[in-house]
Structure formats: structure tokens, C-alpha cells
Amino acid sequence: MLSLLFKNVLRILVIISVFPLTICAQSDTLSSVPEEDSVVYVYEDPVIIKQTITKKEEVFQKWFLDITAAVFQYSDDHLLCSQFTGYKNIITQCTKPSGGFSAGGKLMYNSGILNYSAGFSWTTYTEKFQYINNNINGTNKYSYVDLNSNIGMWLFRKKKYVSLMPNGGLILSRLMQDQGYTISYTDLSQVITNKAAGRDADWVGSAQAGLKIIFLNNMPVKIYIEPYTRVNFTSTLYYKENYYLRRWACGIQAGIFYTF
């Protein structure tokens, strides 16, 4: 009986002596640690359990390789002085734009919502040529190497499956292939080759705008389709002071974004 009473008294004394120390330890620890979102203190008497929570930080990829191919239809826009009216009427009867294609790649950098890209592509315009009087039929081809730069806004990028990127940019094109026939503007009854005419400008400036619809946002390789439009802001012809010719194109391109 005495031993049991002694044990109870001893237990009470231990609790009384430890409790103030426990209160003091809790208070000092909490006051010495700055408030942090990543640290949680769980109170389980007589100890404090410190738990560190791992923060989830969303870090988007910044660099991509954009590989693309496109098909398009285009029309010719003739701006000219009165002395070329006859030539314009003949040339529009003889030539009919039939479309074109392009393929290339860009290096892209994403800084958040804004997206920057630069690259090159190969673009070919084709048109049918037919001059009944001389019984000449053929296909004209104008091929360019395009140096392009773009800026866009990557919208809904956090979505799992689909996002959008309206974008636009400038293109500087170097004529690489000039194949086919045209009408001599000094003799409207004469058919000559494009090279003999020397009419096509070596360098052409263009502007382009489009809307990329991007699929598989959460995958390393994303695919997209993009309706777009493109127009020359410099003449495709040398004699631009008297005869200005620009091409308006509307098309669809498809491609992939490769993350690295």
C-alpha cells in the first residue's frame, strides 16, 4: 500500500516538475522561428512535431523547337500607273494563282505568357500560265528562303489538353527559284521567260498573322494547327515605282513543338 502511494506521489512530482519546462520550451521555439508557409508545428503533448511541407512550384519550359509545314491559296494584287493597264489586263488573263506550300523550323523562347521565335522556311508559290495566241502552257514557280521572326501570346497554357497562341511577325524572303513565263511589258504579244524579263525582286518583305491551336499541353511533344494569313508589304517586282504587285495568302499549317 505504501509502495503504491509512493509511486503515485512520485508520478505527480514528475508531472509537476516537467510541465513548466514543457510550456517554456513550446513558447521559446515558436517565438524563435519566423513564420513560414513551408513549416507546420503539430502539438502532441508532451512534444512538438515539426513538419516541413514541400512546396509545389510550377516551372514552365522556356525553349522549344517548332517544326512546321503549310499549304495555302493566294491572290495577286496589282497596283499600277495608267501606262501598265494593258499589260495588267493581259497578264491577269494569262496567269492564274494555283496555291503554294512551305516548310521550315523556328527556335522559340517562352517568357511566361509572351512567346518569341525566329527561324527560316522554304516557300513556293505556283501559278498556271496559258497564252492562247502562242499556244504556250506551263506552271510558274517562285521559291523563296524566308527569314522570319514572331511574337505571340500563349493563352490557357495551364490547361491540360488545349491552348491558344495568337501570333504575328515579319518575314524577309530571298528569291531562290524563278521558273516559268510572262508577257513582255514592252511588247504585249511576246512571251518571254521570267529570267529573261528580269522582273522579280530578289528580296521581298512580308507580314504574317495566325492563331495556333495547340494540343497535348502536358506532353514533351505538342502538336498544333494554325490558320493564318500573309501579305507582301514590298513589291514582288523590280519596277515597283510604276507597277506594284503583292501576294495575299491564306492557308493552314500544322506542326509540332519539341520541348528541350
# chains A, B, ... in the order shown; residues from 1 in each chain; ligands from 1

$ select_by_dssp --residues "region 19-238 of chain A" --states "strand (DSSP E)" --output "PyMOL selection string"
chain A and resi 39-44+47-52+63-80+95-110+114-131+136-153+162-179+181-183+191-193+203-215+221-232

$ residues_around --residues "region 104-112 of chain A" --least-positions-apart "3" --cutoff "12 Å" --atoms "only C-alpha atoms" --output "ChimeraX atom specification"
/A:58-70,101,115-123,144-158,165,253-260

$ write_last_selection --atoms "N, CA and C atoms" --output "tab-separated table (two decimals), in the first residue's frame"
chain	number	residue	atom	x	y	z
A	58	GLU	N	5.36	25.71	-60.03
A	58	GLU	CA	5.14	25.47	-61.45
A	58	GLU	C	6.23	26.18	-62.24
A	59	VAL	N	7.05	25.40	-62.89
A	59	VAL	CA	8.11	25.94	-63.72
A	59	VAL	C	7.86	25.50	-65.16
A	60	PHE	N	7.52	26.45	-66.02
A	60	PHE	CA	7.23	26.12	-67.41
A	60	PHE	C	8.52	26.03	-68.22
A	61	GLN	N	8.52	25.15	-69.20
A	61	GLN	CA	9.65	25.06	-70.13
A	61	GLN	C	9.76	26.37	-70.90
A	62	LYS	N	10.98	26.77	-71.20
A	62	LYS	CA	11.21	28.05	-71.87
A	62	LYS	C	11.62	27.91	-73.33
A	63	TRP	N	12.27	26.80	-73.70
A	63	TRP	CA	12.81	26.66	-75.05
A	63	TRP	C	12.12	25.53	-75.80
A	64	PHE	N	11.80	25.81	-77.06
A	64	PHE	CA	11.11	24.83	-77.90
A	64	PHE	C	11.68	24.88	-79.32
A	65	LEU	N	11.56	23.78	-80.02
A	65	LEU	CA	11.83	23.72	-81.44
A	65	LEU	C	10.50	23.55	-82.15
A	66	ASP	N	10.19	24.46	-83.06
A	66	ASP	CA	8.93	24.45	-83.80
A	66	ASP	C	9.21	23.99	-85.22
A	67	ILE	N	8.66	22.85	-85.60
A	67	ILE	CA	8.81	22.31	-86.95
A	67	ILE	C	7.43	22.32	-87.60
A	68	THR	N	7.33	22.92	-88.80
A	68	THR	CA	6.00	23.16	-89.37
A	68	THR	C	5.99	23.00	-90.88
A	69	ALA	N	4.80	22.75	-91.42
A	69	ALA	CA	4.56	22.70	-92.86
A	69	ALA	C	3.19	23.30	-93.13
A	70	ALA	N	3.02	23.92	-94.30
A	70	ALA	CA	1.77	24.63	-94.58
A	70	ALA	C	1.42	24.53	-96.06
A	101	PHE	N	3.04	26.12	-100.99
A	101	PHE	CA	3.35	25.35	-99.78
A	101	PHE	C	4.61	25.92	-99.15
A	115	ASN	N	5.62	34.83	-76.14
A	115	ASN	CA	6.39	33.82	-76.83
A	115	ASN	C	7.13	34.47	-78.00
A	116	TYR	N	8.45	34.23	-78.09
A	116	TYR	CA	9.26	34.81	-79.17
A	116	TYR	C	9.85	33.67	-79.99
A	117	SER	N	9.94	33.87	-81.31
A	117	SER	CA	10.52	32.83	-82.16
A	117	SER	C	11.22	33.45	-83.35
A	118	ALA	N	12.19	32.72	-83.89
A	118	ALA	CA	12.91	33.13	-85.09
A	118	ALA	C	13.37	31.87	-85.80
A	119	GLY	N	13.36	31.91	-87.14
A	119	GLY	CA	13.76	30.73	-87.89
A	119	GLY	C	13.74	30.98	-89.37
A	120	PHE	N	13.65	29.90	-90.13
A	120	PHE	CA	13.64	30.01	-91.58
A	120	PHE	C	12.70	28.96	-92.16
A	121	SER	N	12.30	29.16	-93.41
A	121	SER	CA	11.44	28.21	-94.10
A	121	SER	C	11.66	28.34	-95.60
A	122	TRP	N	11.16	27.36	-96.34
A	122	TRP	CA	11.18	27.36	-97.80
A	122	TRP	C	9.74	27.50	-98.27
A	123	THR	N	9.47	28.52	-99.06
A	123	THR	CA	8.10	28.79	-99.52
A	123	THR	C	8.07	28.86	-101.04
A	144	TYR	N	11.23	30.84	-102.38
A	144	TYR	CA	11.96	31.77	-101.52
A	144	TYR	C	12.47	31.05	-100.27
A	145	VAL	N	13.59	31.53	-99.76
A	145	VAL	CA	14.01	31.20	-98.40
A	145	VAL	C	13.55	32.34	-97.51
A	146	ASP	N	12.74	32.02	-96.51
A	146	ASP	CA	12.17	33.02	-95.61
A	146	ASP	C	12.95	33.07	-94.31
A	147	LEU	N	13.32	34.26	-93.91
A	147	LEU	CA	13.86	34.50	-92.57
A	147	LEU	C	12.77	35.22	-91.78
A	148	ASN	N	12.28	34.60	-90.73
A	148	ASN	CA	11.11	35.14	-90.05
A	148	ASN	C	11.32	35.28	-88.55
A	149	SER	N	10.60	36.23	-87.98
A	149	SER	CA	10.58	36.44	-86.53
A	149	SER	C	9.14	36.69	-86.10
A	150	ASN	N	8.76	36.13	-84.97
A	150	ASN	CA	7.37	36.20	-84.50
A	150	ASN	C	7.31	36.51	-83.01
A	151	ILE	N	6.18	37.08	-82.62
A	151	ILE	CA	5.86	37.24	-81.21
A	151	ILE	C	4.40	36.82	-81.02
A	152	GLY	N	4.12	36.12	-79.93
A	152	GLY	CA	2.76	35.66	-79.68
A	152	GLY	C	2.44	35.63	-78.19
A	153	MET	N	1.20	35.33	-77.89
A	153	MET	CA	0.74	35.20	-76.51
A	153	MET	C	0.21	33.78	-76.32
A	154	TRP	N	0.82	33.05	-75.38
A	154	TRP	CA	0.41	31.66	-75.12
A	154	TRP	C	-0.68	31.68	-74.06
A	155	LEU	N	-1.91	31.50	-74.50
A	155	LEU	CA	-3.07	31.57	-73.63
A	155	LEU	C	-3.51	30.18	-73.19
A	156	PHE	N	-3.99	30.08	-71.94
A	156	PHE	CA	-4.51	28.82	-71.37
A	156	PHE	C	-3.44	27.73	-71.35
A	157	ARG	N	-2.19	28.12	-71.12
A	157	ARG	CA	-1.13	27.13	-71.14
A	157	ARG	C	-1.23	26.13	-70.00
A	158	LYS	N	-1.89	26.51	-68.89
A	158	LYS	CA	-2.04	25.60	-67.77
A	158	LYS	C	-3.08	24.51	-68.04
A	165	MET	N	-2.50	30.31	-79.18
A	165	MET	CA	-1.41	31.26	-79.33
A	165	MET	C	-1.66	32.17	-80.54
A	253	GLN	N	-1.47	25.69	-91.50
A	253	GLN	CA	-0.23	24.98	-91.27
A	253	GLN	C	-0.36	24.09	-90.04
A	254	ALA	N	0.43	23.06	-90.02
A	254	ALA	CA	0.44	22.12	-88.90
A	254	ALA	C	1.89	21.91	-88.49
A	255	GLY	N	2.09	21.62	-87.22
A	255	GLY	CA	3.45	21.44	-86.76
A	255	GLY	C	3.52	20.84	-85.38
A	256	ILE	N	4.73	20.77	-84.86
A	256	ILE	CA	4.96	20.23	-83.53
A	256	ILE	C	5.88	21.20	-82.75
A	257	PHE	N	5.67	21.24	-81.43
A	257	PHE	CA	6.59	21.90	-80.51
A	257	PHE	C	7.36	20.79	-79.79
A	258	TYR	N	8.68	20.82	-79.93
A	258	TYR	CA	9.50	19.86	-79.20
A	258	TYR	C	10.17	20.56	-78.04
A	259	THR	N	9.93	20.09	-76.83
A	259	THR	CA	10.46	20.70	-75.62
A	259	THR	C	11.88	20.21	-75.34
A	260	PHE	N	12.77	21.15	-75.04
A	260	PHE	CA	14.13	20.71	-74.65
A	260	PHE	C	14.71	21.66	-73.61

$ residues_around --residues "region 208-223 of chain A" --least-positions-apart "2" --cutoff "7 Å" --atoms "only C-alpha atoms" --output "PyMOL selection string"
chain A and resi 157+159-170+206+225-231+255-259

$ write_last_selection --atoms "N, CA and C atoms" --output "PDB file, in the first residue's frame"
ATOM      1  N   ARG A 157      -2.193  28.117 -71.119  1.00  0.00           N
ATOM      2  CA  ARG A 157      -1.125  27.132 -71.139  1.00  0.00           C
ATOM      3  C   ARG A 157      -1.234  26.128 -70.002  1.00  0.00           C
ATOM      4  N   LYS A 159      -3.875  24.694 -69.079  1.00  0.00           N
ATOM      5  CA  LYS A 159      -4.867  23.674 -69.402  1.00  0.00           C
ATOM      6  C   LYS A 159      -4.149  22.400 -69.844  1.00  0.00           C
ATOM      7  N   LYS A 160      -4.765  21.280 -69.563  1.00  0.00           N
ATOM      8  CA  LYS A 160      -4.091  20.004 -69.783  1.00  0.00           C
ATOM      9  C   LYS A 160      -4.003  19.630 -71.252  1.00  0.00           C
ATOM     10  N   TYR A 161      -5.045  19.950 -72.021  1.00  0.00           N
ATOM     11  CA  TYR A 161      -5.111  19.412 -73.374  1.00  0.00           C
ATOM     12  C   TYR A 161      -4.982  20.454 -74.483  1.00  0.00           C
ATOM     13  N   VAL A 162      -5.630  21.620 -74.356  1.00  0.00           N
ATOM     14  CA  VAL A 162      -5.687  22.579 -75.463  1.00  0.00           C
ATOM     15  C   VAL A 162      -5.332  23.979 -74.974  1.00  0.00           C
ATOM     16  N   SER A 163      -4.504  24.686 -75.760  1.00  0.00           N
ATOM     17  CA  SER A 163      -4.204  26.090 -75.500  1.00  0.00           C
ATOM     18  C   SER A 163      -4.179  26.829 -76.828  1.00  0.00           C
ATOM     19  N   LEU A 164      -4.089  28.168 -76.753  1.00  0.00           N
ATOM     20  CA  LEU A 164      -4.131  29.007 -77.948  1.00  0.00           C
ATOM     21  C   LEU A 164      -2.922  29.932 -77.974  1.00  0.00           C
ATOM     22  N   MET A 165      -2.504  30.307 -79.182  1.00  0.00           N
ATOM     23  CA  MET A 165      -1.409  31.261 -79.329  1.00  0.00           C
ATOM     24  C   MET A 165      -1.655  32.173 -80.536  1.00  0.00           C
ATOM     25  N   PRO A 166      -2.322  33.309 -80.333  1.00  0.00           N
ATOM     26  CA  PRO A 166      -2.356  34.304 -81.405  1.00  0.00           C
ATOM     27  C   PRO A 166      -0.956  34.879 -81.582  1.00  0.00           C
ATOM     28  N   ASN A 167      -0.541  35.050 -82.834  1.00  0.00           N
ATOM     29  CA  ASN A 167       0.826  35.496 -83.080  1.00  0.00           C
ATOM     30  C   ASN A 167       0.926  36.239 -84.398  1.00  0.00           C
ATOM     31  N   GLY A 168       1.990  36.989 -84.548  1.00  0.00           N
ATOM     32  CA  GLY A 168       2.253  37.709 -85.780  1.00  0.00           C
ATOM     33  C   GLY A 168       3.725  38.018 -85.894  1.00  0.00           C
ATOM     34  N   GLY A 169       4.161  38.356 -87.110  1.00  0.00           N
ATOM     35  CA  GLY A 169       5.570  38.641 -87.282  1.00  0.00           C
ATOM     36  C   GLY A 169       5.904  39.153 -88.660  1.00  0.00           C
ATOM     37  N   LEU A 170       7.198  39.340 -88.888  1.00  0.00           N
ATOM     38  CA  LEU A 170       7.729  39.859 -90.145  1.00  0.00           C
ATOM     39  C   LEU A 170       8.586  38.800 -90.817  1.00  0.00           C
ATOM     40  N   SER A 206       7.385  40.690 -96.017  1.00  0.00           N
ATOM     41  CA  SER A 206       6.003  40.253 -95.779  1.00  0.00           C
ATOM     42  C   SER A 206       5.675  40.351 -94.295  1.00  0.00           C
ATOM     43  N   ILE A 225      -2.330  23.102 -85.031  1.00  0.00           N
ATOM     44  CA  ILE A 225      -2.758  23.548 -86.345  1.00  0.00           C
ATOM     45  C   ILE A 225      -2.939  25.061 -86.269  1.00  0.00           C
ATOM     46  N   GLU A 226      -2.753  25.736 -87.389  1.00  0.00           N
ATOM     47  CA  GLU A 226      -2.802  27.193 -87.365  1.00  0.00           C
ATOM     48  C   GLU A 226      -3.357  27.754 -88.669  1.00  0.00           C
ATOM     49  N   PRO A 227      -4.550  28.321 -88.645  1.00  0.00           N
ATOM     50  CA  PRO A 227      -4.984  29.125 -89.790  1.00  0.00           C
ATOM     51  C   PRO A 227      -4.222  30.458 -89.767  1.00  0.00           C
ATOM     52  N   TYR A 228      -3.802  30.930 -90.940  1.00  0.00           N
ATOM     53  CA  TYR A 228      -3.006  32.149 -90.963  1.00  0.00           C
ATOM     54  C   TYR A 228      -3.213  32.901 -92.264  1.00  0.00           C
ATOM     55  N   THR A 229      -2.761  34.145 -92.278  1.00  0.00           N
ATOM     56  CA  THR A 229      -2.760  34.965 -93.482  1.00  0.00           C
ATOM     57  C   THR A 229      -1.420  35.659 -93.603  1.00  0.00           C
ATOM     58  N   ARG A 230      -1.014  35.913 -94.840  1.00  0.00           N
ATOM     59  CA  ARG A 230       0.295  36.509 -95.117  1.00  0.00           C
ATOM     60  C   ARG A 230       0.163  37.449 -96.306  1.00  0.00           C
ATOM     61  N   VAL A 231       0.842  38.591 -96.253  1.00  0.00           N
ATOM     62  CA  VAL A 231       0.773  39.571 -97.335  1.00  0.00           C
ATOM     63  C   VAL A 231       2.124  40.256 -97.493  1.00  0.00           C
ATOM     64  N   GLY A 255       2.089  21.622 -87.217  1.00  0.00           N
ATOM     65  CA  GLY A 255       3.449  21.435 -86.764  1.00  0.00           C
ATOM     66  C   GLY A 255       3.522  20.838 -85.379  1.00  0.00           C
ATOM     67  N   ILE A 256       4.730  20.772 -84.855  1.00  0.00           N
ATOM     68  CA  ILE A 256       4.964  20.232 -83.525  1.00  0.00           C
ATOM     69  C   ILE A 256       5.881  21.201 -82.750  1.00  0.00           C
ATOM     70  N   PHE A 257       5.673  21.241 -81.433  1.00  0.00           N
ATOM     71  CA  PHE A 257       6.591  21.899 -80.512  1.00  0.00           C
ATOM     72  C   PHE A 257       7.356  20.794 -79.792  1.00  0.00           C
ATOM     73  N   TYR A 258       8.677  20.815 -79.934  1.00  0.00           N
ATOM     74  CA  TYR A 258       9.502  19.855 -79.202  1.00  0.00           C
ATOM     75  C   TYR A 258      10.170  20.563 -78.041  1.00  0.00           C
ATOM     76  N   THR A 259       9.933  20.087 -76.832  1.00  0.00           N
ATOM     77  CA  THR A 259      10.464  20.705 -75.622  1.00  0.00           C
ATOM     78  C   THR A 259      11.876  20.206 -75.342  1.00  0.00           C
TER      79      THR A 259
END

$ atom_distance --atom1 "CA of Pro97 (chain A)" --atom2 "CA of Asp76 (chain A)"
7.5 Å

$ atom_distance --atom1 "CA of Arg247 (chain A)" --atom2 "CA of Tyr74 (chain A)"
6.4 Å

$ residues_around --residues "region 188-190 of chain A" --least-positions-apart "5" --cutoff "12 Å" --atoms "only C-alpha atoms" --output "JSON, numbers by chain"
{"A": [84, 85, 86, 87, 88, 89, 90, 91, 94, 131, 132, 133, 134, 135, 136, 181, 182, 183, 196, 197]}

$ write_last_selection --atoms "C-alpha atoms" --output "PDB file, in the first residue's frame"
ATOM      1  CA  PHE A  84       0.662  49.493-117.458  1.00  0.00           C
ATOM      2  CA  THR A  85      -3.111  48.972-117.682  1.00  0.00           C
ATOM      3  CA  GLY A  86      -2.858  46.994-120.928  1.00  0.00           C
ATOM      4  CA  TYR A  87      -0.098  44.809-119.517  1.00  0.00           C
ATOM      5  CA  LYS A  88      -2.081  44.143-116.356  1.00  0.00           C
ATOM      6  CA  ASN A  89      -5.135  43.051-118.344  1.00  0.00           C
ATOM      7  CA  ILE A  90      -3.073  40.618-120.436  1.00  0.00           C
ATOM      8  CA  ILE A  91      -1.058  39.191-117.567  1.00  0.00           C
ATOM      9  CA  CYS A  94      -2.579  34.502-118.794  1.00  0.00           C
ATOM     10  CA  TYR A 131      -1.164  32.168-123.644  1.00  0.00           C
ATOM     11  CA  ILE A 132      -3.552  31.029-126.353  1.00  0.00           C
ATOM     12  CA  ASN A 133      -2.065  33.088-129.199  1.00  0.00           C
ATOM     13  CA  ASN A 134       1.319  31.356-128.867  1.00  0.00           C
ATOM     14  CA  ASN A 135      -0.116  28.055-127.619  1.00  0.00           C
ATOM     15  CA  ILE A 136       2.131  28.134-124.563  1.00  0.00           C
ATOM     16  CA  TYR A 181       6.817  32.501-118.428  1.00  0.00           C
ATOM     17  CA  THR A 182       5.460  36.026-118.545  1.00  0.00           C
ATOM     18  CA  ILE A 183       4.466  38.698-121.055  1.00  0.00           C
ATOM     19  CA  ALA A 196      14.678  36.963-119.378  1.00  0.00           C
ATOM     20  CA  ALA A 197      12.140  39.511-118.146  1.00  0.00           C
TER      21      ALA A 197
END

$ atom_distance --atom1 "CA of Leu80 (chain A)" --atom2 "CA of Thr92 (chain A)"
13.1 Å

$ closest_residue --among "A:Phe129, A:Tyr142, A:Tyr243, A:Trp248" --to "Tyr185 (chain A)" --atoms "only C-alpha atoms"
A:Tyr243

$ closest_residue --among "A:Ile48, A:Gly100, A:Gln93, A:His78" --to "Ser235 (chain A)" --atoms "only C-alpha atoms"
A:His78
